[in-house]
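**Student:** Sending over a structure as structure tokens; questions will come in a sec.
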Amino acid sequence: MRQWRIIDEWTFDGLKLVEAEQPEPGPGEVLLRMKAVSLNYRDYLMVNHGYGRLSGELPIVPLSDGVGEVVAVGDGVEGIAVGDRRLPCFNQAWTGGDLPDHSFGGALGGPLDGTARQFMNVAATGTAPVPDHFSDEEAATLCCAAITAWNALVEMPATAVDGGIVLTLGTGGVSLFALQLAKAMGARVISTSSSDEKLERLRALGADETINYREVPDWGKAVLGLTNGKGADLVVETGGGETFNQSLRATRNNGTIALIGNVAGSVAEVNLPLVFMFRKRLVGISTGSIADFQAMMAYLEDHPIRPAMDDPIRPFEDLGKALEAMPEGKHFGKIVIRVD
């Protein structure tokens, strides 16, 4: 089989498409013939050893998202048949409940070998079925960004779950899934971007109001203006240092900021009284457990969405080039790679 592998150095020069022996499933495992994979900013960081010791050891197969068809099952596997489509859950060590200590050792794409290969073994209990209405390419987008957005929305105050106000930032994978899932759950969504073209596409996905943050740098105040001075019940905060204080301003009293990323900086100076005086809550979101993922997939069985995907779908040979170009931000939606 063919697989991408970071071989001898944590750089894009060390990322190679190589030949490898096709594995056989062990007890409790299923062998997946991968149909499609998708890219996350995490994968870009991983190539450059961006997670330090949590990255694992070389050589390593990158990527955390993908979908495969079961071609063989190991001893003891029940309820999964050859021909089924399954999604390997991102964190194989987080089965459910609170995030356990040292769970990052179970993450696909570092430190565990990831999805960028034609065949992969995975624990049957660490997979989820794919609803029929998802194409292979659509299903391949769900494993990291969608479950992260799902868990952010779960943190919305109980009084605002149906009919609440959600603010999403930018057009990354988590933000787009948060927009789509929030609309499916009955929320009003306000979305930001620096591009009028992307704002138009956000409205096409269901955003009720949009803000160009380049034209309106004080966009936290603009959110208050759109909500009669109230603010958002939930802010899906993907920016980090440069956006956090605007997100804090945009959050209503008793509201929640779900902190997911730091693409715009890792350090923020915060006016703490704005947090405790107005009972604003900050919660960190780290993808989700296998149980969370299975719950989300059950929801999507009855509440189908069409994941936003960048056009065109890339061939397997272009994976490295597509991953290296991610920070340029020219894409809209998830970058999907067809595995042949």
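Residue numbering restarts at 1 in every chain; chains get A, B, ... in the order shown in the structure tokens, and ligands count up from 1 in that same order.
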List every residue of stretch 46-276 of chain A that DSSP, applied to the backbone of this structure, assigns to alpha helix (DSSP H), and report them as a PyMOL selection string.

**Tutor:** chain A and resi 46-47+136-139+147-154+173-184+196-205+219-226+244-250+273-276

**Student:** Set the distance at 8 Å and use only C-alpha atoms: which residues neighbour stretch 143-150 of chain A once local chain neighbours fewer than 2 positions away are removed? I'd like the list as a list in words.

**Tutor:**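 Once the adjacent positions are removed, what remains is Asn40, Ser64, Asp65, Gly66, Leu87, Pro88, Cys89, Phe90, Ala140, Thr141, Ala152, Leu153, Val154, Gly173, Val174, Ser175, Phe177, Ala178, Leu181, Val236, Ile260, Ile285, Ser286, Thr287, Gly288, Asp292, Phe293 and Met296 of chain A.
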
**Student:** Grab the residues selected above and save them as a short mmCIF file (atom, residue, chain, number, x, y, z; two decimals), in the first residue's frame with N, CA and C atoms.

**Tutor:**
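Saved the output as result_9.cif:
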```
data_model
loop_
_atom_site.label_atom_id
_atom_site.label_comp_id
_atom_site.auth_asym_id
_atom_site.auth_seq_id
_atom_site.Cartn_x
_atom_site.Cartn_y
_atom_site.Cartn_z
N ASN A 40 -6.68 19.13 8.80
CA ASN A 40 -6.90 20.05 9.90
C ASN A 40 -5.63 20.86 10.13
N SER A 64 -5.55 13.18 11.00
CA SER A 64 -6.45 12.70 12.04
C SER A 64 -7.85 12.37 11.54
N ASP A 65 -8.21 12.84 10.34
CA ASP A 65 -9.56 12.65 9.80
C ASP A 65 -9.54 11.67 8.64
N GLY A 66 -10.60 10.87 8.54
CA GLY A 66 -10.74 10.00 7.38
C GLY A 66 -11.89 9.05 7.54
N LEU A 87 -15.85 5.42 10.63
CA LEU A 87 -14.99 6.56 10.92
C LEU A 87 -14.11 6.22 12.12
N PRO A 88 -12.80 6.30 11.99
CA PRO A 88 -11.94 6.11 13.17
C PRO A 88 -11.96 7.37 14.03
N CYS A 89 -12.35 7.24 15.29
CA CYS A 89 -12.45 8.40 16.17
C CYS A 89 -11.07 8.96 16.47
N PHE A 90 -10.98 10.27 16.57
CA PHE A 90 -9.70 10.95 16.68
C PHE A 90 -8.89 10.48 17.89
N ALA A 140 -15.42 12.10 5.55
CA ALA A 140 -14.01 12.26 5.92
C ALA A 140 -13.74 13.56 6.66
N THR A 141 -14.68 14.49 6.67
CA THR A 141 -14.46 15.79 7.31
C THR A 141 -14.85 15.82 8.78
N ALA A 152 -18.51 22.16 21.68
CA ALA A 152 -18.65 23.57 22.02
C ALA A 152 -20.12 23.92 22.21
N LEU A 153 -20.98 23.43 21.34
CA LEU A 153 -22.40 23.74 21.43
C LEU A 153 -23.06 23.10 22.65
N VAL A 154 -22.54 21.96 23.06
CA VAL A 154 -23.05 21.31 24.27
C VAL A 154 -22.85 22.21 25.50
N GLY A 173 -12.67 25.00 9.72
CA GLY A 173 -13.55 23.84 9.79
C GLY A 173 -14.45 23.83 11.01
N VAL A 174 -13.90 24.12 12.20
CA VAL A 174 -14.72 24.12 13.42
C VAL A 174 -15.80 25.19 13.34
N SER A 175 -15.44 26.38 12.86
CA SER A 175 -16.42 27.47 12.79
C SER A 175 -17.56 27.13 11.84
N PHE A 177 -18.63 24.09 10.95
CA PHE A 177 -19.48 23.06 11.56
C PHE A 177 -20.31 23.64 12.70
N ALA A 178 -19.74 24.55 13.48
CA ALA A 178 -20.51 25.18 14.56
C ALA A 178 -21.69 25.95 14.00
N LEU A 181 -24.27 23.16 12.68
CA LEU A 181 -24.89 22.43 13.78
C LEU A 181 -25.78 23.34 14.62
N VAL A 236 -17.96 30.72 19.87
CA VAL A 236 -17.04 29.65 19.51
C VAL A 236 -15.73 30.33 19.13
N ILE A 260 -11.34 27.18 21.63
CA ILE A 260 -11.00 26.02 20.81
C ILE A 260 -9.62 26.14 20.20
N ILE A 285 -12.21 23.51 24.97
CA ILE A 285 -12.77 22.39 24.21
C ILE A 285 -11.64 21.66 23.51
N SER A 286 -11.51 20.37 23.77
CA SER A 286 -10.47 19.56 23.14
C SER A 286 -11.13 18.39 22.41
N THR A 287 -11.54 18.62 21.20
CA THR A 287 -12.25 17.62 20.36
C THR A 287 -13.34 16.94 21.17
N GLY A 288 -13.27 15.63 21.36
CA GLY A 288 -14.31 14.92 22.09
C GLY A 288 -13.98 13.45 22.21
N ASP A 292 -18.85 10.81 22.71
CA ASP A 292 -19.33 12.06 22.13
C ASP A 292 -19.51 11.91 20.62
N PHE A 293 -18.52 11.31 20.00
CA PHE A 293 -18.55 11.18 18.54
C PHE A 293 -19.71 10.30 18.10
N MET A 296 -22.87 12.30 18.37
CA MET A 296 -23.00 13.25 17.27
C MET A 296 -23.44 12.56 16.00
#
```

**Student:** Can I get the residues of stretch 108-201 of chain A within 10 Å of stretch 208-225 of chain A, each with the closest pair of atoms and their distance in Å to one decimal, using only C-alpha atoms, sorted chain first then ascending number, as a tab-separated table?

**Tutor:**
```
residue	atom	partner	partner_atom	distance
A:Ile165	CA	A:Asp208	CA	10.0
A:Leu167	CA	A:Val223	CA	8.3
A:Thr168	CA	A:Thr210	CA	9.6
A:Leu169	CA	A:Tyr213	CA	9.4
A:Gly170	CA	A:Tyr213	CA	9.2
A:Leu179	CA	A:Asp208	CA	9.8
A:Lys183	CA	A:Asp208	CA	9.3
A:Ala187	CA	A:Asp208	CA	9.5
A:Arg188	CA	A:Asp208	CA	6.3
A:Val189	CA	A:Asp208	CA	5.4
A:Ile190	CA	A:Glu209	CA	4.8
A:Ser191	CA	A:Thr210	CA	4.8
A:Thr192	CA	A:Ile211	CA	4.8
A:Ser193	CA	A:Asn212	CA	5.2
A:Ser194	CA	A:Asn212	CA	5.0
A:Ser195	CA	A:Asn212	CA	6.6
A:Asp196	CA	A:Asn212	CA	6.8
A:Lys198	CA	A:Asn212	CA	9.5
A:Leu199	CA	A:Thr210	CA	6.3
A:Glu200	CA	A:Thr210	CA	8.5
```

**Student:** Residues near stretch 331-335 of chain A, anyone? I mean within 6 Å using only C-alpha atoms, not counting same-chain ones fewer than 2 positions away, as a list in words.

**Tutor:**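 So the residues in contact are Ser38, Leu39, Gly173, Ala308, Met309, Asp310 and Gly329 of chain A.
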
**Student:** Counting only C-alpha atoms, which residues of stretch 34-82 of chain A fall within 12 Å of stretch 94-109 of chain A, and what is the closest atom pair for each with its distance in Å at one decimal, ordered by chain and rising number, as a tab-separated table?

**Tutor:**
```
residue	atom	partner	partner_atom	distance
A:Val37	CA	A:Gly109	CA	11.6
A:Ser38	CA	A:Gly109	CA	11.8
A:Leu39	CA	A:Gly109	CA	10.7
A:Asn40	CA	A:Gly109	CA	10.4
A:Tyr41	CA	A:Gly109	CA	11.9
A:Arg42	CA	A:Gly109	CA	9.0
A:Asp43	CA	A:Gly109	CA	7.2
A:Tyr44	CA	A:Gly109	CA	10.6
A:Leu45	CA	A:Gly109	CA	10.9
A:Met46	CA	A:Gly109	CA	7.9
A:Val47	CA	A:Gly109	CA	9.7
A:His49	CA	A:Gly109	CA	11.7
A:Tyr51	CA	A:Phe104	CA	10.5
A:Arg53	CA	A:Gly105	CA	10.3
A:Leu54	CA	A:Phe104	CA	7.0
A:Ser55	CA	A:Gly109	CA	8.3
A:Gly56	CA	A:Gly105	CA	8.2
A:Glu57	CA	A:Gly109	CA	11.1
A:Leu58	CA	A:Gly109	CA	11.6
A:Pro59	CA	A:Gly109	CA	11.3
A:Ile60	CA	A:Gly109	CA	7.6
A:Val61	CA	A:Gly109	CA	6.2
A:Pro62	CA	A:Gly109	CA	4.3
A:Leu63	CA	A:Gly109	CA	4.5
A:Ser64	CA	A:Gly109	CA	4.8
A:Asp65	CA	A:Leu108	CA	8.2
A:Gly66	CA	A:Leu108	CA	10.3
```

**Student:** Looking at only C-alpha atoms, which of A:Leu17, A:Leu176, A:Ile305, A:Met156 is the one that sits closest to A:Ala258?

**Tutor:**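 The shortest atom-to-atom distance to A:Ala258 comes from A:Met156.
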
**Student:** Got a sec to tell me which of stretch 25-99 of chain A DSSP assigns to strand (DSSP E), as number ranges by chain?

**Tutor:** A: 29-38, 65-73, 85-88

**Student:** Near A:Ser266, counting only C-alpha atoms, which residues have an atom at most 12 Å away, once you skip same-chain residues fewer than 3 positions from it, shown as a PyMOL selection string?

**Tutor:** chain A and resi 238-244+259-263+269

**Student:** Could the residues in this selection be written to a file with C-alpha atoms, as a PDB file, in the first residue's frame?

**Tutor:**
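Writing the result to out.pdb gives the following:
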```pdb
ATOM      1  CA  THR A 238     -11.076  29.879  17.488  1.00  0.00           C
ATOM      2  CA  GLY A 239      -8.780  32.899  17.199  1.00  0.00           C
ATOM      3  CA  GLY A 240      -7.035  33.134  20.533  1.00  0.00           C
ATOM      4  CA  GLY A 241      -4.894  36.052  21.651  1.00  0.00           C
ATOM      5  CA  GLU A 242      -5.926  38.662  19.115  1.00  0.00           C
ATOM      6  CA  THR A 243      -9.656  37.900  19.199  1.00  0.00           C
ATOM      7  CA  PHE A 244     -10.340  36.870  22.789  1.00  0.00           C
ATOM      8  CA  LEU A 259     -12.125  28.303  23.620  1.00  0.00           C
ATOM      9  CA  ILE A 260     -11.004  26.025  20.810  1.00  0.00           C
ATOM     10  CA  GLY A 261      -7.949  27.471  19.081  1.00  0.00           C
ATOM     11  CA  ASN A 262      -5.212  30.046  18.996  1.00  0.00           C
ATOM     12  CA  VAL A 263      -4.583  30.698  15.306  1.00  0.00           C
ATOM     13  CA  GLU A 269      -4.329  40.208  28.363  1.00  0.00           C
TER      14      GLU A 269
END
```

**Student:** Just want the 7 Å neighbourhood of A:Asn121, counted on only C-alpha atoms, with same-chain residues fewer than 6 positions away dropped. Output as a count of residues only.

**Tutor:** 5
